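Enquirer: Dropping in query.csv, which is CSV, C-alpha atoms and all ligand atoms:
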```
chain,number,residue,atom,x,y,z
A,1,MET,CA,86.5,-1.7,-58.3
A,2,LYS,CA,86.6,1.6,-60.1
A,3,LYS,CA,83.7,1.7,-62.5
A,4,ILE,CA,81.8,-0.3,-65.1
A,5,GLU,CA,84.3,-0.7,-67.9
A,6,HIS,CA,81.9,-2.2,-70.5
A,7,ILE,CA,78.9,-4.4,-70.9
A,8,GLY,CA,79.3,-7.5,-73.0
A,9,ILE,CA,76.5,-8.6,-75.3
A,10,ALA,CA,76.5,-12.1,-77.0
A,11,VAL,CA,75.4,-12.0,-80.6
A,12,LYS,CA,75.0,-14.6,-83.3
A,13,ASP,CA,76.2,-12.6,-86.3
A,14,LEU,CA,78.7,-9.8,-85.6
A,15,GLU,CA,78.3,-8.2,-89.0
A,16,VAL,CA,74.5,-7.9,-88.6
A,17,SER,CA,74.9,-6.6,-85.0
A,18,ASN,CA,77.6,-4.1,-86.0
A,19,LYS,CA,75.1,-2.5,-88.3
A,20,LEU,CA,72.3,-2.6,-85.7
A,21,TYR,CA,74.4,-1.0,-83.0
A,22,ALA,CA,75.9,1.5,-85.4
A,23,SER,CA,72.4,2.8,-86.1
A,24,LEU,CA,71.5,2.6,-82.4
A,25,PHE,CA,74.4,4.8,-81.4
A,26,GLY,CA,74.6,6.9,-84.5
A,27,GLN,CA,78.3,5.9,-85.0
A,28,GLU,CA,80.4,3.0,-86.2
A,29,HIS,CA,82.3,0.7,-83.8
A,30,TYR,CA,85.8,1.9,-83.1
A,31,LYS,CA,87.5,-1.5,-82.9
A,32,GLU,CA,87.1,-5.1,-83.9
A,33,GLU,CA,89.3,-7.8,-82.4
A,34,GLU,CA,89.5,-11.5,-82.4
A,35,VAL,CA,90.5,-13.3,-79.2
A,36,ALA,CA,91.5,-16.7,-80.6
A,37,SER,CA,92.1,-18.3,-77.2
A,38,GLU,CA,88.5,-17.5,-76.2
A,39,GLY,CA,87.0,-18.4,-79.5
A,40,VAL,CA,85.4,-15.0,-79.9
A,41,LYS,CA,85.3,-12.0,-82.2
A,42,THR,CA,84.6,-8.8,-80.5
A,43,SER,CA,83.5,-5.4,-81.6
A,44,PHE,CA,83.5,-2.2,-79.4
A,45,PHE,CA,81.2,0.7,-79.5
A,46,LYS,CA,81.2,3.9,-77.5
A,47,SER,CA,78.1,5.6,-76.2
A,48,GLY,CA,79.2,8.8,-74.4
A,49,PRO,CA,81.6,7.6,-71.6
A,50,ASN,CA,80.3,4.0,-71.8
A,51,LYS,CA,81.5,1.1,-73.8
A,52,ILE,CA,79.6,-1.9,-75.3
A,53,GLU,CA,81.4,-5.0,-76.4
A,54,LEU,CA,79.6,-7.3,-78.9
A,55,LEU,CA,80.8,-10.9,-78.8
A,56,GLN,CA,80.4,-13.5,-81.5
A,57,ALA,CA,81.6,-17.1,-81.2
A,58,THR,CA,84.2,-18.3,-83.7
A,59,ASN,CA,83.7,-22.0,-82.9
A,60,PRO,CA,80.9,-24.1,-81.4
A,61,GLU,CA,83.0,-24.8,-78.2
A,62,SER,CA,83.3,-21.1,-77.5
A,63,PRO,CA,81.7,-19.9,-74.2
A,64,ILE,CA,79.7,-17.5,-76.3
A,65,ALA,CA,78.3,-20.3,-78.4
A,66,ARG,CA,77.3,-22.2,-75.3
A,67,PHE,CA,75.7,-19.1,-73.8
A,68,ILE,CA,73.6,-18.5,-76.9
A,69,ASP,CA,72.6,-22.1,-77.1
A,70,LYS,CA,71.3,-21.9,-73.5
A,71,LYS,CA,69.9,-18.4,-73.3
A,72,GLY,CA,69.9,-16.9,-76.7
A,73,GLU,CA,71.4,-13.5,-77.6
A,74,GLY,CA,71.6,-10.9,-74.9
A,75,ILE,CA,73.7,-9.4,-72.1
A,76,HIS,CA,76.5,-11.8,-71.4
A,77,HIS,CA,78.7,-10.0,-68.8
A,78,ILE,CA,79.4,-6.7,-67.0
A,79,ALA,CA,83.0,-5.7,-66.8
A,80,PHE,CA,84.5,-3.6,-63.9
A,81,ALA,CA,87.7,-1.8,-64.2
A,82,VAL,CA,90.2,-2.5,-61.4
A,83,SER,CA,93.6,-1.1,-60.8
A,84,ASP,CA,95.2,-4.3,-59.4
A,85,ILE,CA,93.5,-7.4,-60.7
A,86,LYS,CA,95.7,-9.8,-58.7
A,87,ALA,CA,94.9,-8.1,-55.4
A,88,GLU,CA,91.2,-7.9,-56.4
A,89,ILE,CA,91.1,-11.7,-57.2
A,90,GLU,CA,92.6,-12.5,-53.8
A,91,ARG,CA,90.2,-10.1,-52.0
A,92,LEU,CA,87.2,-11.6,-53.7
A,93,LYS,CA,88.2,-15.1,-53.1
A,94,LYS,CA,88.5,-14.4,-49.4
A,95,GLU,CA,85.0,-12.9,-49.6
A,96,GLY,CA,83.7,-16.3,-51.0
A,97,PHE,CA,83.3,-15.5,-54.6
A,98,VAL,CA,84.2,-18.2,-57.1
A,99,VAL,CA,86.9,-16.8,-59.4
A,100,LEU,CA,87.0,-18.6,-62.7
A,101,ASN,CA,90.5,-17.4,-63.6
A,102,GLU,CA,92.8,-17.4,-60.6
A,103,VAL,CA,95.6,-16.2,-63.0
A,104,PRO,CA,94.3,-13.3,-65.1
A,105,LYS,CA,94.4,-13.9,-68.8
A,106,LYS,CA,94.8,-11.5,-71.7
A,107,GLY,CA,91.4,-10.4,-73.0
A,108,ALA,CA,90.3,-8.0,-75.8
A,109,ASP,CA,91.1,-4.3,-75.8
A,110,ASN,CA,94.6,-4.6,-74.2
A,111,LYS,CA,93.3,-5.9,-70.8
A,112,LEU,CA,94.1,-8.5,-68.3
A,113,VAL,CA,90.8,-10.1,-67.3
A,114,ALA,CA,89.3,-12.6,-64.9
A,115,PHE,CA,85.7,-13.7,-64.5
A,116,LEU,CA,83.6,-14.5,-61.4
A,117,HIS,CA,81.2,-17.4,-61.6
A,118,PRO,CA,77.6,-16.2,-61.9
A,119,LYS,CA,76.5,-18.7,-59.2
A,120,THR,CA,78.2,-16.4,-56.6
A,121,THR,CA,77.0,-13.1,-58.1
A,122,ASN,CA,73.2,-13.5,-58.5
A,123,GLY,CA,73.4,-15.0,-61.9
A,124,VAL,CA,75.5,-12.2,-63.4
A,125,LEU,CA,78.8,-13.1,-65.1
A,126,ILE,CA,81.3,-10.4,-63.8
A,127,GLU,CA,84.5,-9.6,-65.5
A,128,LEU,CA,87.3,-7.8,-63.8
A,129,CYS,CA,89.7,-6.0,-66.1
A,130,GLN,CA,92.9,-4.1,-65.7
A,131,GLU,CA,94.4,-2.1,-68.5
A,132,ILE,CA,97.8,-3.5,-69.5
A,133,GLU,CA,100.3,-0.6,-69.2
B,1,ZN,ZN,84.2,-8.1,-71.7
```
Is it possible to give me this structure as structure tokens?
Ligand code: ZN
Expert:
Amino acid sequence: MKKIEHIGIAVKDLEVSNKLYASLFGQEHYKEEEVASEGVKTSFFKSGPNKIELLQATNPESPIARFIDKKGEGIHHIAFAVSDIKAEIERLKKEGFVVLNEVPKKGADNKLVAFLHPKTTNGVLIELCQEIE
């Protein structure tokens, strides 16, 4: 894994949170994108070299809706950049991690993504992401 690519935060109302984070960072988000397959609307902010992804559910079955029902708003996942996501999935499976997406899927921000089940990572949902060339 190369570095933390972004931190994902589950929010109830993206519009409200866009304003909140814009005032926190002193700048507007640079991108908003809906990932229909995941039932989420995302918004990306930069803070220096770091990125924050806000996620709002677009339907009640969305993983973000279920997360907020259970835990409320807050940090949802930490994403790590990898250069070869398929190789990394194989490596982590051998190490005993539960990979939720054996076949990486297309996520927001032009990335291939796969998640590791939090039960094998001390309760933290970890996203692997590889930039699509
Ligand atoms: Zn993410």
Enquirer: Looking at only C-alpha atoms, which of A:Thr121, A:Phe45, A:Gly26, A:Ile64 is the one that sits closest to His76 of chain A?
Expert: A:Ile64
Enquirer: Quick one: residues within 12 Å of ligand ZN 1 (chain B), with all atoms listed in the file, as a compact mmCIF listing (two decimals) with C-alpha atoms, keeping the file's coordinate frame?
Expert:
```txt
# COMPACT_ATOMS: atom_id res chain seq x y z
CA ILE A 4 81.80 -0.30 -65.10
CA GLU A 5 84.30 -0.70 -67.90
CA HIS A 6 81.90 -2.20 -70.50
CA ILE A 7 78.90 -4.40 -70.90
CA GLY A 8 79.30 -7.50 -73.00
CA ILE A 9 76.50 -8.60 -75.30
CA ALA A 10 76.50 -12.10 -77.00
CA GLU A 33 89.30 -7.80 -82.40
CA VAL A 35 90.50 -13.30 -79.20
CA GLU A 38 88.50 -17.50 -76.20
CA VAL A 40 85.40 -15.00 -79.90
CA LYS A 41 85.30 -12.00 -82.20
CA THR A 42 84.60 -8.80 -80.50
CA SER A 43 83.50 -5.40 -81.60
CA PHE A 44 83.50 -2.20 -79.40
CA LYS A 51 81.50 1.10 -73.80
CA ILE A 52 79.60 -1.90 -75.30
CA GLU A 53 81.40 -5.00 -76.40
CA LEU A 54 79.60 -7.30 -78.90
CA LEU A 55 80.80 -10.90 -78.80
CA GLN A 56 80.40 -13.50 -81.50
CA ILE A 64 79.70 -17.50 -76.30
CA ILE A 75 73.70 -9.40 -72.10
CA HIS A 76 76.50 -11.80 -71.40
CA HIS A 77 78.70 -10.00 -68.80
CA ILE A 78 79.40 -6.70 -67.00
CA ALA A 79 83.00 -5.70 -66.80
CA PHE A 80 84.50 -3.60 -63.90
CA ALA A 81 87.70 -1.80 -64.20
CA LYS A 106 94.80 -11.50 -71.70
CA GLY A 107 91.40 -10.40 -73.00
CA ALA A 108 90.30 -8.00 -75.80
CA ASP A 109 91.10 -4.30 -75.80
CA ASN A 110 94.60 -4.60 -74.20
CA LYS A 111 93.30 -5.90 -70.80
CA LEU A 112 94.10 -8.50 -68.30
CA VAL A 113 90.80 -10.10 -67.30
CA ALA A 114 89.30 -12.60 -64.90
CA PHE A 115 85.70 -13.70 -64.50
CA LEU A 125 78.80 -13.10 -65.10
CA ILE A 126 81.30 -10.40 -63.80
CA GLU A 127 84.50 -9.60 -65.50
CA LEU A 128 87.30 -7.80 -63.80
CA CYS A 129 89.70 -6.00 -66.10
CA GLN A 130 92.90 -4.10 -65.70
```
Enquirer: Kindly indicate which residue among A:Ala57, A:Ala65, A:Val16, A:Ala22 lies nearest to Glu34 of chain A, using only C-alpha atoms for the distances.
Expert: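 Closest to Glu34 of chain A, using only C-alpha atoms: A:Ala57.
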Enquirer: Tell me which protein, DNA and RNA residues are within 12 Å of Phe97 of chain A, counting all atoms listed in the file, leaving out same-chain ones fewer than 3 positions away, and put them as a ChimeraX atom specification.
Expert: /A:88-94,100-102,115-122,125-126
Enquirer: Write out as a list in words each polymer residue whose atoms come within 12 Å of Arg66 of chain A, counting all atoms listed in the file; drop sequence neighbours fewer than 2 positions from it.
Expert: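 Once the nearby chain positions are removed, what remains is Ala10, Val11, Lys12, Gly39, Val40, Gln56, Ala57, Thr58, Asn59, Pro60, Glu61, Ser62, Pro63, Ile64, Ile68, Asp69, Lys70, Lys71, Gly72, Glu73 and His76 of chain A.
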Enquirer: Kindly export the residues of the current selection with C-alpha atoms, as a PDB file, keeping the file's coordinate frame.
Expert:
```pdb
ATOM      1  CA  ALA A  10      76.500 -12.100 -77.000  1.00  0.00           C
ATOM      2  CA  VAL A  11      75.400 -12.000 -80.600  1.00  0.00           C
ATOM      3  CA  LYS A  12      75.000 -14.600 -83.300  1.00  0.00           C
ATOM      4  CA  GLY A  39      87.000 -18.400 -79.500  1.00  0.00           C
ATOM      5  CA  VAL A  40      85.400 -15.000 -79.900  1.00  0.00           C
ATOM      6  CA  GLN A  56      80.400 -13.500 -81.500  1.00  0.00           C
ATOM      7  CA  ALA A  57      81.600 -17.100 -81.200  1.00  0.00           C
ATOM      8  CA  THR A  58      84.200 -18.300 -83.700  1.00  0.00           C
ATOM      9  CA  ASN A  59      83.700 -22.000 -82.900  1.00  0.00           C
ATOM     10  CA  PRO A  60      80.900 -24.100 -81.400  1.00  0.00           C
ATOM     11  CA  GLU A  61      83.000 -24.800 -78.200  1.00  0.00           C
ATOM     12  CA  SER A  62      83.300 -21.100 -77.500  1.00  0.00           C
ATOM     13  CA  PRO A  63      81.700 -19.900 -74.200  1.00  0.00           C
ATOM     14  CA  ILE A  64      79.700 -17.500 -76.300  1.00  0.00           C
ATOM     15  CA  ILE A  68      73.600 -18.500 -76.900  1.00  0.00           C
ATOM     16  CA  ASP A  69      72.600 -22.100 -77.100  1.00  0.00           C
ATOM     17  CA  LYS A  70      71.300 -21.900 -73.500  1.00  0.00           C
ATOM     18  CA  LYS A  71      69.900 -18.400 -73.300  1.00  0.00           C
ATOM     19  CA  GLY A  72      69.900 -16.900 -76.700  1.00  0.00           C
ATOM     20  CA  GLU A  73      71.400 -13.500 -77.600  1.00  0.00           C
ATOM     21  CA  HIS A  76      76.500 -11.800 -71.400  1.00  0.00           C
TER      22      HIS A  76
END
```
Enquirer: Please determine, counting all atoms listed in the file, which residue among A:Ile132, A:Ser47, A:Val98, A:Lys3 has the shortest atom-to-atom distance to Glu28 of chain A.
Expert: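 When distances to Glu28 of chain A are compared using all atoms listed in the file, the smallest one comes from A:Ser47.
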Enquirer: Atom CA of Asp84 of chain A and atom CA of Glu131 of chain A are how many Å apart?
Expert: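 Pair atom CA of Asp84 of chain A / atom CA of Glu131 of chain A returns 9.4 Å.
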Enquirer: Suppose you want the space between atom CA of Glu133 of chain A and atom CA of Ala87 of chain A; what is it in Å?
Expert: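 We find that atom CA of Glu133 of chain A and atom CA of Ala87 of chain A lie 16.6 Å from each other.
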Enquirer: Just give me the gap between atom CA of Lys46 of chain A and atom CA of Val103 of chain A in Å, one decimal is fine.
Expert: 28.7 Å
Enquirer: Using only C-alpha atoms, can you tell me which of A:Ser17, A:Val124, A:Lys86, A:Val99 comes closest to His29 of chain A?
Expert: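 With only C-alpha atoms as the atom set, the closest residue is A:Ser17.
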